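Below you'll find the structure, written out as structure tokens, and then a few comments.
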Amino acid sequence: MNRKKITALALTAALSAAVLAGCGSSAASSSAAPTADSAATADTAAVDQLAQIKERGTITIAMEGTWAPWTYHDENDNLVGYDVEVGTLIAEKLGVEPEFVEGEWDGLLAGLDAGRYDIMVNGVDITEERAEKYDFSEPYAYNRTAVITKGDNDTIHTLEDLNGKKTANTISSTYAQLAEQYGAEVTGVDDLNQTFELLNSGRIDATLNAEVTFYDYTKEHPDANVKIAVLTQDANEVAIPLRKGEESATLREAINAAIDELRASGQLKELSEKYFGTDISTNE
């Protein structure tokens, strides 16, 4: 047999072995390959926010830290407040540690969008506009809106009287939107302290804020020359915004279950009375 024939036979044998090996590899790969269902399950698990939080062991909670008594710093500069304790208890129910991140109101929801925070616990009212962009937990507090003026201001008795008046609030807040809706000229501020500075100095006519925030402010400043000029009858629903979509569905369910447990145990009521002097955990 000549050399060329030997070479040809060798190549043929090698190719046959390769084909057989290839068939064997394909069969093995096929048996090990995930099914469509298992792949879908893996994808869902990969984006499930609650699973990620539990794996990480922490939940990142965004809040201002400058809005007493919701979130603020005490005399020792510790972050405290109603929402700090609510956030801590929810984290406890989820079996993870809370990690609080503070920032100005206007950037908190943007941070939620960008995935920098898991949730925002900061006295956030549910509105139609926000509900289009975020998924909300069930309400954990109810809060009426107060129009706050200086004690000697006798020009504002209804929301309609805000027309042409100067007010101050963080620009993207529901309070600023409500003031603008009634024709007020809104000055943007970073926090509540700036708001009351403008009011007390006479540079604005009024500010819209939570009724309970007014009570807390006057408790801390008993000599302040301020009053509630208007108080809305309907209470706003305060809840926790999450990123919209299926990725947050299980997290939302877990948070709702935690809120239900905290309300049933009376803990929400206790926290309400501790920080606001009244029960804001119910709309009754």
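Residues in the structure tokens are named by chain (A, B, ... in the order shown) and by number from 1 within that chain; ligands are numbered from 1 in the order shown.
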Tell me, counting only C-alpha atoms, for each residue of stretch 36-118 of chain A within 7 Å of stretch 173-196 of chain A, which pair of atoms is nearest and how far apart they are in Å to one decimal, in rows ordered by chain and increasing number, as CSV.
residue,atom,partner,partner_atom,distance
A:Thr66,CA,A:Asp191,CA,6.2
A:Trp67,CA,A:Leu192,CA,6.0
A:Glu104,CA,A:Asp190,CA,6.4
Any chance you could tabulate, as JSON lines, the residues of stretch 134-165 of chain A at most 9 Å from stretch 259-269 of chain A with each one's nearest atom pair and distance in Å to one decimal, using only C-alpha atoms, in chain and rising number order?
{"residue": "A:Ser137", "atom": "CA", "partner": "A:Ile259", "partner_atom": "CA", "distance": 8.7}
{"residue": "A:Glu138", "atom": "CA", "partner": "A:Ile259", "partner_atom": "CA", "distance": 7.8}
{"residue": "A:Pro139", "atom": "CA", "partner": "A:Ile259", "partner_atom": "CA", "distance": 8.4}
{"residue": "A:Tyr140", "atom": "CA", "partner": "A:Ile259", "partner_atom": "CA", "distance": 6.5}
{"residue": "A:Ala141", "atom": "CA", "partner": "A:Leu268", "partner_atom": "CA", "distance": 8.5}
For A:Asn236: contacts at 8 Å, only C-alpha atoms, fewer than 2 positions along chain excluded, given as a list in words
Asp125, Ile126, Tyr142, Asn143, Arg144, Thr145, Asp234 and Val238 of chain A
Nearest to A:Asp48 among A:Leu162, A:Val96, A:Leu251, A:Ala91, with distances taken over only C-alpha atoms: which residue is it?
A:Leu251
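You can rank A:Ala239, A:Ile59, A:Ala168, A:Ile119 by their closest distance to A:Glu197 using only C-alpha atoms, and at the top of that list sits A:Ala168.
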Would you please give, as a PyMOL selection string, all residues of stretch 32-255 of chain A that DSSP assigns to strand (DSSP E) based on the backbone?
chain A and resi 58-63+72-73+79-80+97-102+119-120+124-125+134-136+141-143+145-150+166-169+185-188+207-210+226-231+236-239+241-243
For atom CA of A:Asn153 and atom CA of A:Ala235, quote the distance in Å rounded to one decimal.
24.8 Å
Report as number ranges by chain all protein, DNA and RNA residues lying within 10 Å of A:Glu97, evaluated on only C-alpha atoms, omitting residues in the same chain fewer than 6 positions from it.
A: 53-54, 56-60, 87-91
Show me, as a ChimeraX atom specification, the residues that have an atom within 12 Å of A:Arg116 when counting only C-alpha atoms, minus same-chain residues fewer than 3 positions from it.
/A:59-62,99-103,107-113,119-120,242-243
The residue from A:Val47, A:Leu271, A:Val226, A:Leu198 with the smallest atom-to-atom distance to A:Asp152, counting only C-alpha atoms, is A:Val226
d(atom CA of A:Val84, atom CA of A:Tyr275) in Å
11.2 Å
Run DSSP on the backbone of this structure and report the residues of stretch 21-208 of chain A it assigns to alpha helix (DSSP H), as number ranges by chain.
A: 21-32, 36-47, 49-56, 82-94, 105-113, 128-133, 174-181, 192-200
So that I can see what lies close to A:Gly151, please list as a VMD selection string the residues with an atom at most 10 Å from it, counting only C-alpha atoms and leaving out residues fewer than 4 positions away in the same chain.
chain A and resid 200 224 to 229
If you count only C-alpha atoms, the residue of A:Pro98, A:Gly115, A:Gly65, A:Gly81 closest to A:Lys274 turns out to be A:Gly81
